[in-house]
>>> print(open('structure_19.txt').read())   # compact mmCIF, C-alpha atoms
# COMPACT_ATOMS: atom_id res chain seq x y z
CA MET A 1 69.06 -36.64 -137.81
CA PRO A 2 72.24 -35.85 -135.88
CA GLU A 3 73.02 -32.25 -135.18
CA ILE A 4 76.38 -30.71 -136.03
CA THR A 5 78.32 -28.31 -133.89
CA GLN A 6 79.37 -24.84 -134.93
CA ASP A 7 83.00 -26.04 -135.31
CA GLU A 8 81.89 -28.86 -137.62
CA LEU A 9 79.84 -26.37 -139.65
CA GLU A 10 82.88 -24.09 -140.04
CA GLN A 11 85.04 -27.04 -141.08
CA PHE A 12 82.41 -28.08 -143.62
CA LYS A 13 82.32 -24.56 -145.10
CA LEU A 14 86.11 -24.54 -145.41
CA TYR A 15 86.02 -27.98 -147.02
CA LYS A 16 83.40 -26.83 -149.54
CA GLU A 17 85.65 -23.93 -150.56
CA LEU A 18 88.35 -26.41 -151.57
CA GLY A 19 86.14 -27.89 -154.26
CA SER A 20 84.81 -31.32 -155.06
CA VAL A 21 86.59 -34.56 -154.30
CA GLU A 22 87.42 -34.87 -158.01
CA ASP A 23 88.97 -31.38 -158.02
CA LEU A 24 91.08 -32.23 -154.99
CA TRP A 25 92.21 -35.50 -156.57
CA ARG A 26 93.15 -33.71 -159.82
CA GLN A 27 95.13 -31.08 -157.88
CA LYS A 28 96.97 -33.75 -155.90
CA ASN A 29 97.69 -35.76 -159.06
CA ASP A 30 98.92 -32.66 -160.87
CA THR A 31 101.20 -31.79 -157.95
CA VAL A 32 102.67 -35.31 -157.80
CA VAL A 33 103.26 -35.46 -161.57
CA SER A 34 104.77 -31.94 -161.64
CA THR A 35 107.11 -32.72 -158.76
CA ALA A 36 108.10 -36.10 -160.23
CA ALA A 37 108.78 -34.51 -163.62
CA ALA A 38 110.92 -31.77 -162.10
CA MET A 39 112.91 -34.17 -159.92
CA SER A 40 113.48 -36.64 -162.80
CA ASN A 41 114.14 -34.02 -165.51
CA PHE A 42 111.18 -35.33 -167.49
CA LYS A 43 108.65 -33.31 -169.44
CA LYS A 44 105.47 -33.03 -167.41
CA PRO A 45 102.94 -33.41 -170.27
CA VAL A 46 104.66 -36.53 -171.59
CA LEU A 47 105.03 -38.08 -168.13
CA GLU A 48 101.40 -37.33 -167.37
CA LYS A 49 100.23 -39.10 -170.54
CA LEU A 50 102.45 -42.11 -169.93
CA VAL A 51 101.31 -42.48 -166.31
CA LYS A 52 97.67 -42.42 -167.45
CA THR A 53 98.32 -45.45 -169.67
CA LEU A 54 99.42 -47.60 -166.72
CA PRO A 55 97.08 -50.00 -164.90
CA THR A 56 95.52 -48.73 -161.67
CA ASP A 57 97.84 -50.79 -159.47
CA TYR A 58 100.81 -48.64 -160.63
CA ASN A 59 101.24 -45.40 -158.69
CA LEU A 60 103.72 -42.56 -158.86
CA ILE A 61 105.29 -41.85 -155.44
CA VAL A 62 107.30 -38.74 -154.64
CA ASP A 63 109.59 -39.12 -151.62
CA ASP A 64 111.77 -36.38 -150.15
CA ASP A 65 114.64 -36.85 -152.58
CA LYS A 66 113.54 -39.66 -154.94
CA VAL A 67 110.67 -40.54 -157.22
CA PHE A 68 109.35 -44.10 -157.37
CA MET A 69 106.86 -46.04 -159.41
CA HIS A 70 104.91 -48.36 -157.17
CA THR A 71 104.33 -51.61 -159.09
CA PRO A 72 102.81 -54.95 -158.05
CA GLU A 73 106.39 -56.30 -157.87
CA GLY A 74 107.59 -53.46 -155.64
CA ASP A 75 108.84 -49.88 -155.81
CA VAL A 76 111.18 -48.97 -158.68
CA GLU A 77 112.94 -45.64 -159.18
CA LEU A 78 111.13 -43.66 -161.88
CA SER A 79 114.20 -43.24 -164.10
CA GLU A 80 114.83 -47.00 -164.03
CA PHE A 81 111.15 -47.72 -164.65
CA ALA A 82 111.17 -45.32 -167.61
CA GLU A 83 114.26 -47.00 -169.11
CA ASN A 84 112.68 -50.45 -168.78
CA GLU A 85 109.07 -49.72 -169.65
CA TRP A 86 109.12 -46.54 -171.74
CA SER A 87 112.46 -46.81 -173.55
CA GLU A 88 110.93 -45.88 -176.90
CA PHE A 89 109.48 -42.71 -175.33
CA LEU A 90 112.68 -41.53 -173.61
CA PRO A 91 113.62 -39.04 -176.36
CA SER A 92 110.23 -37.38 -175.95
CA LEU A 93 110.21 -37.73 -172.18
CA THR A 94 113.57 -36.18 -171.39
CA SER A 95 113.75 -32.42 -171.02
CA ASP A 96 117.03 -31.96 -172.87
CA VAL A 97 115.18 -32.50 -176.15
CA VAL A 98 113.45 -29.17 -175.57
CA ALA A 99 116.78 -27.40 -175.10
CA GLU A 100 117.99 -28.38 -178.55
CA SER A 101 117.25 -25.79 -181.19
CA PRO A 102 115.46 -27.12 -184.23
CA LYS A 103 117.60 -27.57 -187.31
CA VAL A 104 116.74 -25.18 -190.10
CA VAL A 105 115.74 -27.03 -193.22
CA PRO A 106 115.69 -24.96 -196.40
CA HIS A 107 112.34 -24.84 -198.07
CA ILE A 108 112.09 -27.28 -200.93
CA ARG A 109 108.94 -27.35 -202.96
CA GLN A 110 107.60 -30.85 -203.13
CA ILE A 111 104.50 -32.12 -204.82
CA VAL A 112 102.54 -34.46 -202.61
CA ASN A 113 100.15 -35.78 -205.23
CA GLU A 114 101.66 -35.28 -208.62
CA ARG A 115 98.96 -34.32 -211.05
CA LYS A 116 98.94 -36.29 -214.25
CA ALA A 117 98.67 -34.18 -217.36
CA THR A 118 95.46 -34.63 -219.32
CA LYS A 119 95.18 -34.41 -223.09
CA LYS A 120 93.68 -30.95 -222.66
CA ASP A 121 96.70 -29.81 -220.59
CA ILE A 122 99.14 -31.22 -223.14
CA GLY A 123 97.24 -29.57 -226.01
CA LYS A 124 97.27 -26.20 -224.23
CA LYS A 125 101.00 -26.49 -223.56
CA ILE A 126 101.69 -27.32 -227.24
CA ALA A 127 99.54 -24.38 -228.35
CA ASP A 128 101.29 -22.01 -225.91
CA ASN A 129 104.72 -23.16 -227.12
CA TYR A 130 103.68 -22.72 -230.78
CA ILE A 131 102.36 -19.20 -230.18
CA MET A 132 105.57 -18.24 -228.33
CA SER A 133 107.75 -19.67 -231.10
CA GLN A 134 105.81 -17.92 -233.91
CA TYR A 135 104.71 -14.69 -232.28
CA GLY A 136 106.93 -14.43 -229.21
CA TRP A 137 108.75 -11.44 -230.69
CA ALA A 138 105.49 -9.49 -230.68
CA LEU A 139 104.64 -10.55 -227.15
CA LYS A 140 108.04 -9.50 -225.81
CA THR A 141 107.91 -5.91 -227.10
CA ASP A 142 105.79 -3.08 -225.80
CA SER A 143 105.23 -1.45 -229.18
CA VAL A 144 102.69 -2.43 -231.79
CA ASN A 145 103.70 -2.20 -235.49
>>> encode(input="structure_19.txt", output="structure tokens")
Amino acid sequence: MPEITQDELEQFKLYKELGSVEDLWRQKNDTVVSTAAAMSNFKKPVLEKLVKTLPTDYNLIVDDDKVFMHTPEGDVELSEFAENEWSEFLPSLTSDVVAESPKVVPHIRQIVNERKATKKDIGKKIADNYIMSQYGWALKTDSVN
């Protein structure tokens, strides 16, 4: 078994503090997606989900001043790629949708599953209407004769 030097041991300890390889990959991926979203004015959660749906030979690349999508056909700017490949998701992907305030819709009571009246319900309604028509005067007053 080969021996390691003190410097290699110190480097190994520092490396262990960073976390597992999976943790490092997640951190790098999160950084790339966050930077790409900020530079392209896209929403990070939406961009992250869309990138995850792509095949493994597609990669997001952040350059100094541009963001590219590496494809098998070559590098394409992210905004152009989004227009071509994710056009139906652009309203959700763009950040200006968040800036819009939601329109206030007045509350309207709607019945989702309209209940059909049963014979018992109809009979009760008829009885209630009869009682109100015959004895409603007594029900509306507080005094008893």
>>> closest_residue(input="structure_19.txt", among="A:Glu80, A:Gln134, A:Val46, A:Glu8", to="Val67 of chain A", atoms="only C-alpha atoms")
A:Glu80
>>> residues_around(input="structure_19.txt", residues="segment 19-31 of chain A", least_positions_apart="2", cutoff="12 Å", atoms="only C-alpha atoms", output="list in words")
Phe12, Lys13, Leu14, Tyr15, Lys16, Glu17, Val33, Ser34, Thr35, Ala36, Ala37, Ala38, Lys44, Pro45, Leu47, Glu48, Lys49, Val51, Lys52, Asn59, Leu60, Ile61 and Val62 of chain A
>>> closest_residue(input="structure_19.txt", among="A:Gln11, A:Glu3, A:Thr71, A:Asp64", to="Val32 of chain A", atoms="only C-alpha atoms")
A:Asp64
>>> atom_distance(input="structure_19.txt", atom1="atom CA of Phe68 of chain A", atom2="atom CA of Leu54 of chain A")
14.1 Å
>>> closest_residue(input="structure_19.txt", among="A:Asp65, A:Tyr58, A:Leu50, A:Ile122", to="Glu88 of chain A", atoms="only C-alpha atoms")
A:Leu50
>>> atom_distance(input="structure_19.txt", atom1="atom CA of Asn41 of chain A", atom2="atom CA of His70 of chain A")
19.0 Å
>>> atom_distance(input="structure_19.txt", atom1="atom CA of Gly74 of chain A", atom2="atom CA of Ser40 of chain A")
19.2 Å
>>> decode(input="structure_19.txt", residues="segment 64-82 of chain A", atoms="N, CA and C atoms", output="CSV table (one decimal), in the first residue's frame")
chain,number,residue,atom,x,y,z
A,64,ASP,N,-18.3,34.3,-20.3
A,64,ASP,CA,-18.1,35.6,-19.6
A,64,ASP,C,-19.3,36.5,-19.7
A,65,ASP,N,-19.8,36.6,-21.0
A,65,ASP,CA,-20.9,37.5,-21.2
A,65,ASP,C,-22.1,36.9,-21.9
A,66,LYS,N,-22.0,35.6,-22.2
A,66,LYS,CA,-23.1,34.9,-22.9
A,66,LYS,C,-23.4,33.6,-22.3
A,67,VAL,N,-24.6,33.1,-22.6
A,67,VAL,CA,-25.0,31.8,-22.1
A,67,VAL,C,-25.3,30.9,-23.4
A,68,PHE,N,-24.8,29.7,-23.4
A,68,PHE,CA,-25.0,28.8,-24.6
A,68,PHE,C,-25.6,27.5,-24.1
A,69,MET,N,-26.3,26.9,-25.1
A,69,MET,CA,-26.7,25.5,-24.9
A,69,MET,C,-25.9,24.7,-25.9
A,70,HIS,N,-25.0,23.8,-25.3
A,70,HIS,CA,-24.2,22.9,-26.2
A,70,HIS,C,-25.1,21.8,-26.6
A,71,THR,N,-25.3,21.7,-27.9
A,71,THR,CA,-26.1,20.6,-28.6
A,71,THR,C,-25.2,19.8,-29.4
A,72,PRO,N,-25.7,18.6,-29.9
A,72,PRO,CA,-24.9,17.8,-30.8
A,72,PRO,C,-24.6,18.5,-32.1
A,73,GLU,N,-25.4,19.5,-32.5
A,73,GLU,CA,-25.2,20.2,-33.7
A,73,GLU,C,-24.3,21.4,-33.5
A,74,GLY,N,-24.0,21.8,-32.3
A,74,GLY,CA,-23.1,22.9,-32.0
A,74,GLY,C,-23.7,23.8,-30.9
A,75,ASP,N,-23.0,24.8,-30.5
A,75,ASP,CA,-23.4,25.8,-29.5
A,75,ASP,C,-24.4,26.7,-30.0
A,76,VAL,N,-25.5,26.9,-29.3
A,76,VAL,CA,-26.6,27.9,-29.6
A,76,VAL,C,-26.8,28.8,-28.4
A,77,GLU,N,-27.0,30.1,-28.7
A,77,GLU,CA,-27.3,31.0,-27.5
A,77,GLU,C,-28.6,30.5,-26.8
A,78,LEU,N,-28.6,30.6,-25.5
A,78,LEU,CA,-29.7,30.1,-24.7
A,78,LEU,C,-31.0,30.7,-25.1
A,79,SER,N,-31.1,32.0,-25.3
A,79,SER,CA,-32.3,32.7,-25.7
A,79,SER,C,-32.9,32.2,-27.0
A,80,GLU,N,-32.0,31.9,-28.0
A,80,GLU,CA,-32.4,31.4,-29.3
A,80,GLU,C,-32.8,29.9,-29.1
A,81,PHE,N,-32.1,29.2,-28.3
A,81,PHE,CA,-32.5,27.8,-28.1
A,81,PHE,C,-33.9,27.7,-27.4
A,82,ALA,N,-34.1,28.6,-26.4
A,82,ALA,CA,-35.4,28.6,-25.8
A,82,ALA,C,-36.5,29.0,-26.7
